[in-house]
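Asker: Contents of start.pdb (PDB, C-alpha atoms and all ligand atoms):
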```pdb
ATOM      1  CA  MET A   1     -26.308  21.006  30.181  1.00  0.00           C
ATOM      2  CA  GLN A   2     -25.324  22.029  26.681  1.00  0.00           C
ATOM      3  CA  ASP A   3     -24.305  25.693  26.197  1.00  0.00           C
ATOM      4  CA  VAL A   4     -25.058  26.562  22.569  1.00  0.00           C
ATOM      5  CA  VAL A   5     -23.150  29.898  22.542  1.00  0.00           C
ATOM      6  CA  PHE A   6     -20.054  28.217  23.939  1.00  0.00           C
ATOM      7  CA  ARG A   7     -20.360  25.356  21.446  1.00  0.00           C
ATOM      8  CA  ARG A   8     -20.608  27.866  18.581  1.00  0.00           C
ATOM      9  CA  LYS A   9     -17.525  29.693  19.900  1.00  0.00           C
ATOM     10  CA  VAL A  10     -15.447  26.530  19.660  1.00  0.00           C
ATOM     11  CA  LEU A  11     -16.942  25.263  16.414  1.00  0.00           C
ATOM     12  CA  ASP A  12     -16.589  28.632  14.674  1.00  0.00           C
ATOM     13  CA  VAL A  13     -12.837  28.322  15.000  1.00  0.00           C
ATOM     14  CA  VAL A  14     -12.354  24.584  14.704  1.00  0.00           C
ATOM     15  CA  ALA A  15     -14.631  23.209  12.017  1.00  0.00           C
ATOM     16  CA  ALA A  16     -17.391  21.034  13.431  1.00  0.00           C
ATOM     17  CA  THR A  17     -16.704  18.439  10.783  1.00  0.00           C
ATOM     18  CA  GLN A  18     -13.173  18.120  12.107  1.00  0.00           C
ATOM     19  CA  LEU A  19     -14.256  17.614  15.731  1.00  0.00           C
ATOM     20  CA  ARG A  20     -16.917  15.155  14.646  1.00  0.00           C
ATOM     21  CA  MET A  21     -14.067  12.955  13.431  1.00  0.00           C
ATOM     22  CA  CYS A  22     -13.023  12.235  17.024  1.00  0.00           C
ATOM     23  CA  VAL A  23     -13.619   8.525  17.459  1.00  0.00           C
ATOM     24  CA  GLN A  24     -12.745   8.642  21.179  1.00  0.00           C
ATOM     25  CA  CYS A  25      -9.861   6.242  20.594  1.00  0.00           C
ATOM     26  CA  SER A  26      -7.853   7.765  23.500  1.00  0.00           C
ATOM     27  CA  ARG A  27      -4.616   7.835  21.545  1.00  0.00           C
ATOM     28  CA  CYS A  28      -4.236  11.485  22.606  1.00  0.00           C
ATOM     29  CA  VAL A  29      -4.533  10.410  26.248  1.00  0.00           C
ATOM     30  CA  ASP A  30      -2.151   7.477  25.870  1.00  0.00           C
ATOM     31  CA  ASN A  31       0.528   9.784  24.443  1.00  0.00           C
ATOM     32  CA  CYS A  32      -0.070  12.844  26.620  1.00  0.00           C
ATOM     33  CA  PRO A  33       2.872  13.259  29.038  1.00  0.00           C
ATOM     34  CA  VAL A  34       0.624  15.038  31.564  1.00  0.00           C
ATOM     35  CA  ALA A  35      -2.081  12.340  31.533  1.00  0.00           C
ATOM     36  CA  ILE A  36       0.625   9.667  31.798  1.00  0.00           C
ATOM     37  CA  GLU A  37       2.226  11.438  34.759  1.00  0.00           C
ATOM     38  CA  VAL A  38      -0.874  12.346  36.795  1.00  0.00           C
ATOM     39  CA  GLY A  39      -3.467   9.860  35.530  1.00  0.00           C
ATOM     40  CA  ASP A  40      -6.280  10.356  33.040  1.00  0.00           C
ATOM     41  CA  ASP A  41      -8.794  10.854  35.831  1.00  0.00           C
ATOM     42  CA  LYS A  42      -7.078  14.173  36.596  1.00  0.00           C
ATOM     43  CA  TYR A  43      -6.157  15.329  33.096  1.00  0.00           C
ATOM     44  CA  ASN A  44      -7.777  13.939  29.966  1.00  0.00           C
ATOM     45  CA  PRO A  45      -7.547  15.563  26.503  1.00  0.00           C
ATOM     46  CA  ARG A  46     -10.024  13.098  24.942  1.00  0.00           C
ATOM     47  CA  LYS A  47     -12.670  14.122  27.453  1.00  0.00           C
ATOM     48  CA  LEU A  48     -12.000  17.821  26.810  1.00  0.00           C
ATOM     49  CA  ILE A  49     -12.504  17.337  23.069  1.00  0.00           C
ATOM     50  CA  MET A  50     -15.759  15.458  23.629  1.00  0.00           C
ATOM     51  CA  GLU A  51     -17.070  18.084  26.063  1.00  0.00           C
ATOM     52  CA  SER A  52     -16.103  20.901  23.673  1.00  0.00           C
ATOM     53  CA  PHE A  53     -17.838  19.246  20.744  1.00  0.00           C
ATOM     54  CA  LEU A  54     -20.974  18.745  22.815  1.00  0.00           C
ATOM     55  CA  GLY A  55     -20.813  22.288  24.244  1.00  0.00           C
ATOM     56  CA  MET A  56     -20.670  21.033  27.850  1.00  0.00           C
ATOM     57  CA  LYS A  57     -19.347  24.313  29.218  1.00  0.00           C
ATOM     58  CA  SER A  58     -20.145  23.588  32.861  1.00  0.00           C
ATOM     59  CA  PHE A  59     -18.048  20.401  32.700  1.00  0.00           C
ATOM     60  CA  ILE A  60     -14.977  22.309  31.498  1.00  0.00           C
ATOM     61  CA  PHE A  61     -14.838  25.614  33.415  1.00  0.00           C
ATOM     62  CA  GLY A  62     -14.748  26.332  37.137  1.00  0.00           C
ATOM     63  CA  GLN A  63     -13.638  22.818  38.047  1.00  0.00           C
ATOM     64  CA  PRO A  64     -12.304  22.024  41.534  1.00  0.00           C
ATOM     65  CA  ALA A  65      -8.833  20.614  42.081  1.00  0.00           C
ATOM     66  CA  PRO A  66      -8.898  16.944  41.025  1.00  0.00           C
ATOM     67  CA  ALA A  67      -6.975  15.875  44.134  1.00  0.00           C
ATOM     68  CA  GLU A  68      -5.022  17.303  47.027  1.00  0.00           C
ATOM     69  CA  GLY A  69      -1.965  19.210  45.866  1.00  0.00           C
ATOM     70  CA  PHE A  70      -3.463  20.032  42.456  1.00  0.00           C
ATOM     71  CA  PRO A  71      -4.720  23.504  41.503  1.00  0.00           C
ATOM     72  CA  GLU A  72      -8.302  24.302  40.499  1.00  0.00           C
ATOM     73  CA  ASN A  73      -9.105  24.047  36.775  1.00  0.00           C
ATOM     74  CA  PHE A  74      -6.285  21.544  36.301  1.00  0.00           C
ATOM     75  CA  ASN A  75      -8.581  19.675  33.883  1.00  0.00           C
ATOM     76  CA  LEU A  76      -7.805  22.481  31.426  1.00  0.00           C
ATOM     77  CA  TRP A  77      -4.641  24.254  32.556  1.00  0.00           C
ATOM     78  CA  GLY A  78      -2.758  20.995  33.103  1.00  0.00           C
ATOM     79  CA  CYS A  79      -2.016  21.003  29.360  1.00  0.00           C
ATOM     80  CA  THR A  80       1.548  22.131  28.629  1.00  0.00           C
ATOM     81  CA  VAL A  81       0.822  22.619  24.893  1.00  0.00           C
ATOM     82  CA  CYS A  82       3.533  20.155  23.909  1.00  0.00           C
ATOM     83  CA  ASP A  83       1.499  19.251  20.771  1.00  0.00           C
ATOM     84  CA  LYS A  84       2.082  15.503  21.125  1.00  0.00           C
ATOM     85  CA  CYS A  85      -1.662  14.793  20.988  1.00  0.00           C
ATOM     86  CA  ASP A  86      -1.966  16.718  17.705  1.00  0.00           C
ATOM     87  CA  GLU A  87       0.801  14.624  16.212  1.00  0.00           C
ATOM     88  CA  GLN A  88      -0.696  11.335  17.406  1.00  0.00           C
ATOM     89  CA  CYS A  89      -4.378  11.839  16.590  1.00  0.00           C
ATOM     90  CA  PRO A  90      -5.264   9.449  13.723  1.00  0.00           C
ATOM     91  CA  ASN A  91      -7.874  11.903  12.459  1.00  0.00           C
ATOM     92  CA  ASN A  92      -5.718  15.036  12.572  1.00  0.00           C
ATOM     93  CA  ILE A  93      -7.890  16.796  15.092  1.00  0.00           C
ATOM     94  CA  PRO A  94      -6.210  20.046  16.180  1.00  0.00           C
ATOM     95  CA  LEU A  95      -6.575  19.414  19.915  1.00  0.00           C
ATOM     96  CA  THR A  96      -4.263  22.189  21.067  1.00  0.00           C
ATOM     97  CA  GLU A  97      -6.125  24.717  18.914  1.00  0.00           C
ATOM     98  CA  VAL A  98      -9.292  23.801  20.809  1.00  0.00           C
ATOM     99  CA  PHE A  99      -7.425  24.049  24.107  1.00  0.00           C
ATOM    100  CA  TYR A 100      -6.234  27.580  23.191  1.00  0.00           C
ATOM    101  CA  ILE A 101      -9.870  28.617  22.764  1.00  0.00           C
ATOM    102  CA  LEU A 102     -10.800  27.023  26.088  1.00  0.00           C
ATOM    103  CA  LYS A 103      -7.890  28.665  27.899  1.00  0.00           C
ATOM    104  CA  ASN A 104      -8.826  32.070  26.458  1.00  0.00           C
ATOM    105  CA  ILE A 105     -12.379  31.654  27.748  1.00  0.00           C
ATOM    106  CA  SER A 106     -11.055  30.463  31.109  1.00  0.00           C
ATOM    107  CA  THR A 107      -8.827  33.582  31.293  1.00  0.00           C
ATOM    108  CA  GLU A 108     -11.795  35.850  30.522  1.00  0.00           C
ATOM    109  CA  LEU A 109     -13.717  34.123  33.306  1.00  0.00           C
ATOM    110  CA  GLY A 110     -10.887  34.907  35.740  1.00  0.00           C
ATOM    111  CA  GLN A 111     -10.055  31.210  36.159  1.00  0.00           C
ATOM    112  CA  ALA A 112      -6.546  31.129  34.700  1.00  0.00           C
ATOM    113  CA  PRO A 113      -3.620  30.436  37.039  1.00  0.00           C
ATOM    114  CA  GLU A 114      -2.745  33.613  38.961  1.00  0.00           C
ATOM    115  CA  PHE A 115       0.709  33.913  37.388  1.00  0.00           C
ATOM    116  CA  TYR A 116      -0.894  34.450  33.950  1.00  0.00           C
ATOM    117  CA  TYR A 117      -2.535  37.654  35.162  1.00  0.00           C
ATOM    118  CA  THR A 118       0.560  38.787  37.082  1.00  0.00           C
ATOM    119  CA  GLN A 119       2.786  38.245  34.073  1.00  0.00           C
ATOM    120  CA  ALA A 120       0.325  39.962  31.716  1.00  0.00           C
ATOM    121  CA  LYS A 121       0.070  42.953  34.079  1.00  0.00           C
ATOM    122  CA  THR A 122       3.863  43.241  34.166  1.00  0.00           C
ATOM    123  CA  ILE A 123       3.942  43.334  30.364  1.00  0.00           C
ATOM    124  CA  ALA A 124       1.057  45.832  30.249  1.00  0.00           C
ATOM    125  CA  GLU A 125       2.858  48.141  32.675  1.00  0.00           C
ATOM    126  CA  ASN A 126       6.468  47.742  31.538  1.00  0.00           C
ATOM    127  CA  GLY A 127       6.313  46.331  28.036  1.00  0.00           C
ATOM    128  CA  LYS A 128       8.454  43.468  29.300  1.00  0.00           C
ATOM    129  CA  ALA A 129       7.768  40.174  31.054  1.00  0.00           C
ATOM    130  CA  ILE A 130      10.750  40.850  33.334  1.00  0.00           C
ATOM    131  CA  PRO A 131      11.419  44.509  34.082  1.00  0.00           C
ATOM    132  CA  ILE A 132      15.078  45.507  34.085  1.00  0.00           C
ATOM    133  CA  MET A 133      16.494  45.482  37.616  1.00  0.00           C
ATOM    134  CA  ASP A 134      19.889  46.335  39.108  1.00  0.00           C
ATOM    135  CA  ALA A 135      20.836  42.638  39.341  1.00  0.00           C
ATOM    136  CA  ILE A 136      20.071  42.199  35.624  1.00  0.00           C
ATOM    137  CA  LYS A 137      22.092  45.306  34.788  1.00  0.00           C
ATOM    138  CA  ARG A 138      25.070  43.968  36.735  1.00  0.00           C
ATOM    139  CA  ARG A 139      24.836  40.603  34.989  1.00  0.00           C
ATOM    140  CA  ARG A 140      24.629  42.263  31.580  1.00  0.00           C
ATOM    141  CA  SER A 141      27.586  44.424  32.432  1.00  0.00           C
ATOM    142  CA  SER A 142      29.640  41.384  33.527  1.00  0.00           C
ATOM    143  CA  MET A 143      28.945  39.865  30.106  1.00  0.00           C
ATOM    144  CA  GLY A 144      30.110  42.988  28.311  1.00  0.00           C
ATOM    145  CA  LEU A 145      26.567  44.037  27.350  1.00  0.00           C
ATOM    146  CA  ALA A 146      25.107  47.530  27.650  1.00  0.00           C
ATOM    147  CA  GLU A 147      23.345  47.948  30.984  1.00  0.00           C
ATOM    148  CA  GLU A 148      20.372  49.751  29.491  1.00  0.00           C
ATOM    149  CA  LEU A 149      18.059  48.258  26.896  1.00  0.00           C
ATOM    150  CA  PRO A 150      16.303  50.286  24.174  1.00  0.00           C
ATOM    151  CA  ALA A 151      13.078  51.883  25.425  1.00  0.00           C
ATOM    152  CA  VAL A 152       9.934  49.870  24.805  1.00  0.00           C
ATOM    153  CA  ASN A 153       7.314  51.399  22.520  1.00  0.00           C
ATOM    154  CA  MET A 154       4.333  51.298  24.902  1.00  0.00           C
ATOM    155  CA  ASN A 155       2.002  52.501  22.126  1.00  0.00           C
ATOM    156  CA  GLU A 156       2.662  49.268  20.263  1.00  0.00           C
ATOM    157  CA  ILE A 157       2.163  47.209  23.432  1.00  0.00           C
ATOM    158  CA  ASN A 158      -1.112  48.992  24.156  1.00  0.00           C
ATOM    159  CA  THR A 159      -2.328  48.426  20.593  1.00  0.00           C
ATOM    160  CA  ILE A 160      -1.697  44.679  20.991  1.00  0.00           C
ATOM    161  CA  LEU A 161      -3.378  44.617  24.407  1.00  0.00           C
ATOM    162  CA  GLU A 162      -6.443  46.392  22.997  1.00  0.00           C
ATOM    163  CA  ALA A 163      -6.591  44.234  19.843  1.00  0.00           C
ATOM    164  CA  THR A 164      -6.367  40.995  21.807  1.00  0.00           C
ATOM    165  CA  GLU A 165      -8.800  42.335  24.436  1.00  0.00           C
ATOM    166  CA  LEU A 166      -6.309  41.407  27.128  1.00  0.00           C
ATOM    167  CA  LYS A 167      -6.593  44.905  28.585  1.00  0.00           C
ATOM    168  CA  LYS A 168     -10.276  44.300  29.237  1.00  0.00           C
ATOM    169  CA  VAL A 169      -9.462  41.030  31.019  1.00  0.00           C
ATOM    170  CA  LEU A 170      -6.806  42.678  33.195  1.00  0.00           C
ATOM    171  CA  LYS A 171      -9.306  45.333  34.354  1.00  0.00           C
TER     172      LYS A 171
HETATM  173  S1  LIG A 201      -6.632  10.783  19.377  1.00  0.00           S
HETATM  174 FE1  LIG A 201      -7.987  12.073  18.141  1.00  0.00          FE
HETATM  175  S2  LIG A 201      -9.671  10.732  17.576  1.00  0.00           S
HETATM  176 FE2  LIG A 201      -8.609   9.729  19.266  1.00  0.00          FE
HETATM  177  S3  LIG A 201      -9.711  10.413  21.102  1.00  0.00           S
HETATM  178 FE3  LIG A 201      -8.017  11.812  20.794  1.00  0.00          FE
HETATM  179  S4  LIG A 201      -8.879  13.523  19.611  1.00  0.00           S
HETATM  180 FE4  LIG A 201     -10.286  11.775  19.433  1.00  0.00          FE
HETATM  181  S1  LIG A 202      -0.625  19.367  24.130  1.00  0.00           S
HETATM  182 FE1  LIG A 202      -1.551  19.135  26.150  1.00  0.00          FE
HETATM  183  S2  LIG A 202      -3.078  17.533  25.887  1.00  0.00           S
HETATM  184 FE2  LIG A 202      -1.720  17.451  24.131  1.00  0.00          FE
HETATM  185  S3  LIG A 202      -0.184  15.908  24.677  1.00  0.00           S
HETATM  186 FE3  LIG A 202       0.643  17.892  25.262  1.00  0.00          FE
HETATM  187  S4  LIG A 202       0.050  18.208  27.394  1.00  0.00           S
HETATM  188 FE4  LIG A 202      -1.203  16.547  26.567  1.00  0.00          FE
END
```
Just dump the structure as structure tokens.
Answerer:
Amino acid sequence: MQDVVFRRKVLDVVAATQLRMCVQCSRCVDNCPVAIEVGDDKYNPRKLIMESFLGMKSFIFGQPAPAEGFPENFNLWGCTVCDKCDEQCPNNIPLTEVFYILKNISTELGQAPEFYYTQAKTIAENGKAIPIMDAIKRRRSSMGLAEELPAVNMNEINTILEATELKKVLK
């Protein structure tokens, strides 16, 4: 079923005229390293573009693992954002830009891979993706670097978290 609000969300960012130019040629699929590796039945950028253009939200989000050993929502999160599809599309469709929008929605829905939330929480709490630990201090010291790093300005971090609405997602 078509979800008009979702369709608008995608088309507001990526011009509808641009997505309409997708001729379903599959060149993005043929050049996608992920689709080549796992098979286009498990990961397929052409299909994602078509579903986004048509606003088929229920086809994109909350998808089960495509096969044993694969995570849920692999149809979306399988993309490594290597940009090869963007470079190969004959009609210059910004596929990865669309996938960013989809991944943001997926994150808001609580369907992103768990490590995204864990990593974001670590940054929200420490201002760093990897908090400084004794082992890191020792390694820095062995390289002649100062053990301590300058303090992180948590006000700036919080401003970014609020502005990007990530804080809301983490709650
Ligand atoms: S390469 Fe471009 S035009 Fe062809 S299917 Fe992919 S997105 Fe559509
Ligand atoms: S950006 Fe994603 S969809 Fe595009 S080629 Fe790379 S892995 Fe495939």
Asker: Restricting the calculation to all atoms listed in the file, which member of A:Asn155, A:Thr96, A:Asn104, A:Thr164 is positioned closest to ligand LIG 201 (chain A)?
Answerer: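 Between A:Asn155, A:Thr96, A:Asn104, A:Thr164, the residue approaching ligand LIG 201 (chain A) most closely is A:Thr96.
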Asker: Enclose stretch 102-108 of chain A, meaning all of its atoms listed in the file, in a box aligned along x, y and z, pad it by 6 Å on each side, and list the centre and edge lengths in Å to one decimal, as AutoDock Vina command-line options.
Answerer:
```
--center_x -10.1 --center_y 31.4 --center_z 28.7 --size_x 16.5 --size_y 20.8 --size_z 17.2
```
Asker: Would you translate the PyMOL selection byres (((not hetatm)) within 10 of (chain A and resi 201)) into the concrete set of residues it matches in this file, as a ChimeraX atom specification?
Answerer: /A:18-32,44-50,85-96
Asker: Keeping only C-alpha atoms, write the selected residues as a compact mmCIF listing (two decimals), keeping the file's coordinate frame.
Answerer:
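Written output follows (out13.txt):
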```
# COMPACT_ATOMS: atom_id res chain seq x y z
CA GLN A 18 -13.17 18.12 12.11
CA LEU A 19 -14.26 17.61 15.73
CA ARG A 20 -16.92 15.16 14.65
CA MET A 21 -14.07 12.96 13.43
CA CYS A 22 -13.02 12.24 17.02
CA VAL A 23 -13.62 8.52 17.46
CA GLN A 24 -12.74 8.64 21.18
CA CYS A 25 -9.86 6.24 20.59
CA SER A 26 -7.85 7.76 23.50
CA ARG A 27 -4.62 7.84 21.54
CA CYS A 28 -4.24 11.48 22.61
CA VAL A 29 -4.53 10.41 26.25
CA ASP A 30 -2.15 7.48 25.87
CA ASN A 31 0.53 9.78 24.44
CA CYS A 32 -0.07 12.84 26.62
CA ASN A 44 -7.78 13.94 29.97
CA PRO A 45 -7.55 15.56 26.50
CA ARG A 46 -10.02 13.10 24.94
CA LYS A 47 -12.67 14.12 27.45
CA LEU A 48 -12.00 17.82 26.81
CA ILE A 49 -12.50 17.34 23.07
CA MET A 50 -15.76 15.46 23.63
CA CYS A 85 -1.66 14.79 20.99
CA ASP A 86 -1.97 16.72 17.70
CA GLU A 87 0.80 14.62 16.21
CA GLN A 88 -0.70 11.34 17.41
CA CYS A 89 -4.38 11.84 16.59
CA PRO A 90 -5.26 9.45 13.72
CA ASN A 91 -7.87 11.90 12.46
CA ASN A 92 -5.72 15.04 12.57
CA ILE A 93 -7.89 16.80 15.09
CA PRO A 94 -6.21 20.05 16.18
CA LEU A 95 -6.58 19.41 19.92
CA THR A 96 -4.26 22.19 21.07
```
Asker: Report, in Å with one decimal, the straight-line distance from atom CA of A:Met56 to atom CA of A:Val98.
Answerer: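 About the pair atom CA of A:Met56 and atom CA of A:Val98: they are 13.7 Å apart.
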Asker: What is the atom CA of A:Phe6 to atom CA of A:Glu51 distance in Å?
Answerer: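 Computing it gives 10.8 Å between the two atoms.
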Asker: Distance atom CA of A:Asn126-atom CA of A:Gly144, one decimal place?
Answerer: 24.3 Å
Asker: Nearest to A:Ala112: which of A:Glu125, A:Asp41, A:Glu97, A:Glu72 is it, counting all atoms listed in the file?
Answerer: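 Nearest candidate to A:Ala112 out of A:Glu125, A:Asp41, A:Glu97, A:Glu72: A:Glu72.
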Asker: I need the residue nearest ligand LIG 202 (chain A) from this list: A:Ile157, A:Val34, A:Met143, A:Ile132. Use all atoms listed in the file for the distance.
Answerer: A:Val34
Asker: With only C-alpha atoms and all ligand atoms as the atoms that count, which of A:Asp3, A:Glu148, A:Asp40, A:Asp134 lies nearest to ligand LIG 202 (chain A)?
Answerer: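 Selected residue with least distance to ligand LIG 202 (chain A): A:Asp40.
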Asker: Could you tell me which of A:Gly69, A:Gly110, A:Gly127, A:Gly78 comes closest to ligand LIG 202 (chain A) if we count only C-alpha atoms and all ligand atoms?
Answerer: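 Of the candidates, the smallest distance to ligand LIG 202 (chain A) is held by A:Gly78.
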Asker: Which residues would end up in the selection if the PyMOL selection byres (((chain A and resi 152) around 8) and not hetatm) were applied here, given that I need the answer as a PyMOL selection string?
Answerer: chain A and resi 126-128+150-151+153-154
Asker: Could those residues be written to a file, using C-alpha atoms, as a PDB file, in the coordinates of the input?
Answerer:
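Writing the result to part04.pdb gives the following:
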```pdb
ATOM      1  CA  ASN A 126       6.468  47.742  31.538  1.00  0.00           C
ATOM      2  CA  GLY A 127       6.313  46.331  28.036  1.00  0.00           C
ATOM      3  CA  LYS A 128       8.454  43.468  29.300  1.00  0.00           C
ATOM      4  CA  PRO A 150      16.303  50.286  24.174  1.00  0.00           C
ATOM      5  CA  ALA A 151      13.078  51.883  25.425  1.00  0.00           C
ATOM      6  CA  ASN A 153       7.314  51.399  22.520  1.00  0.00           C
ATOM      7  CA  MET A 154       4.333  51.298  24.902  1.00  0.00           C
TER       8      MET A 154
END
```
Asker: Calculated over only C-alpha atoms and all ligand atoms, which of the candidates A:Asp83, A:Glu147, A:Glu156, A:Glu114 has the smallest distance to ligand LIG 202 (chain A)?
Answerer: A:Asp83
Asker: Could you list, as a list in words, every residue within 12 Å of A:Ala67, counting only C-alpha atoms and ignoring same-chain residues fewer than 4 positions away?
Answerer: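 Near neighbours after the sequence-gap exclusion: Val38, Gly39, Asp41, Lys42, Tyr43, Gln63, Pro71, Glu72, Asn73, Phe74 and Asn75 of chain A.
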Asker: Is it possible to add N, CA, C and O atoms to stretch 118-136 of chain A and hand it back as a short mmCIF file (atom, residue, chain, number, x, y, z; two decimals), in the coordinates of the input?
Answerer:
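Result written to rebuild.cif:
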```
data_model
loop_
_atom_site.label_atom_id
_atom_site.label_comp_id
_atom_site.auth_asym_id
_atom_site.auth_seq_id
_atom_site.Cartn_x
_atom_site.Cartn_y
_atom_site.Cartn_z
N THR A 118 -0.57 38.02 36.56
CA THR A 118 0.56 38.79 37.08
C THR A 118 1.54 39.10 35.96
O THR A 118 1.98 40.23 35.80
N GLN A 119 1.84 38.07 35.17
CA GLN A 119 2.79 38.24 34.07
C GLN A 119 2.23 39.22 33.03
O GLN A 119 2.93 40.10 32.54
N ALA A 120 0.95 39.07 32.72
CA ALA A 120 0.32 39.96 31.72
C ALA A 120 0.31 41.40 32.21
O ALA A 120 0.57 42.34 31.44
N LYS A 121 0.07 41.59 33.51
CA LYS A 121 0.07 42.95 34.08
C LYS A 121 1.47 43.56 33.99
O LYS A 121 1.62 44.74 33.69
N THR A 122 2.48 42.74 34.25
CA THR A 122 3.86 43.24 34.17
C THR A 122 4.16 43.70 32.74
O THR A 122 4.77 44.76 32.54
N ILE A 123 3.71 42.94 31.76
CA ILE A 123 3.94 43.33 30.36
C ILE A 123 3.15 44.60 30.04
O ILE A 123 3.65 45.53 29.39
N ALA A 124 1.90 44.67 30.53
CA ALA A 124 1.06 45.83 30.25
C ALA A 124 1.66 47.10 30.85
O ALA A 124 1.55 48.18 30.28
N GLU A 125 2.32 46.96 31.99
CA GLU A 125 2.86 48.14 32.67
C GLU A 125 4.26 48.51 32.21
O GLU A 125 4.63 49.68 32.16
N ASN A 126 5.06 47.47 31.86
CA ASN A 126 6.47 47.74 31.54
C ASN A 126 6.85 47.43 30.10
O ASN A 126 7.95 47.76 29.66
N GLY A 127 5.97 46.74 29.40
CA GLY A 127 6.31 46.33 28.04
C GLY A 127 7.26 45.15 28.03
O GLY A 127 7.79 44.75 26.99
N LYS A 128 7.53 44.60 29.20
CA LYS A 128 8.45 43.47 29.30
C LYS A 128 7.92 42.47 30.32
O LYS A 128 7.31 42.88 31.31
N ALA A 129 8.20 41.19 30.09
CA ALA A 129 7.77 40.17 31.05
C ALA A 129 8.60 40.28 32.33
O ALA A 129 8.12 40.02 33.42
N ILE A 130 9.88 40.68 32.17
CA ILE A 130 10.75 40.85 33.33
C ILE A 130 11.34 42.26 33.26
O ILE A 130 12.20 42.53 32.41
N PRO A 131 10.87 43.15 34.12
CA PRO A 131 11.42 44.51 34.08
C PRO A 131 12.90 44.51 34.42
O PRO A 131 13.36 43.66 35.19
N ILE A 132 13.64 45.45 33.83
CA ILE A 132 15.08 45.51 34.08
C ILE A 132 15.33 45.94 35.54
O ILE A 132 14.72 46.86 36.04
N MET A 133 16.19 45.18 36.21
CA MET A 133 16.49 45.48 37.62
C MET A 133 18.01 45.60 37.76
O MET A 133 18.75 45.20 36.85
N ASP A 134 18.45 46.12 38.91
CA ASP A 134 19.89 46.34 39.11
C ASP A 134 20.68 45.04 38.93
O ASP A 134 21.75 45.03 38.34
N ALA A 135 20.13 43.92 39.45
CA ALA A 135 20.84 42.64 39.34
C ALA A 135 21.01 42.24 37.87
O ALA A 135 22.05 41.71 37.48
N ILE A 136 19.98 42.53 37.06
CA ILE A 136 20.07 42.20 35.62
C ILE A 136 21.12 43.10 34.96
O ILE A 136 21.93 42.65 34.14
#
```
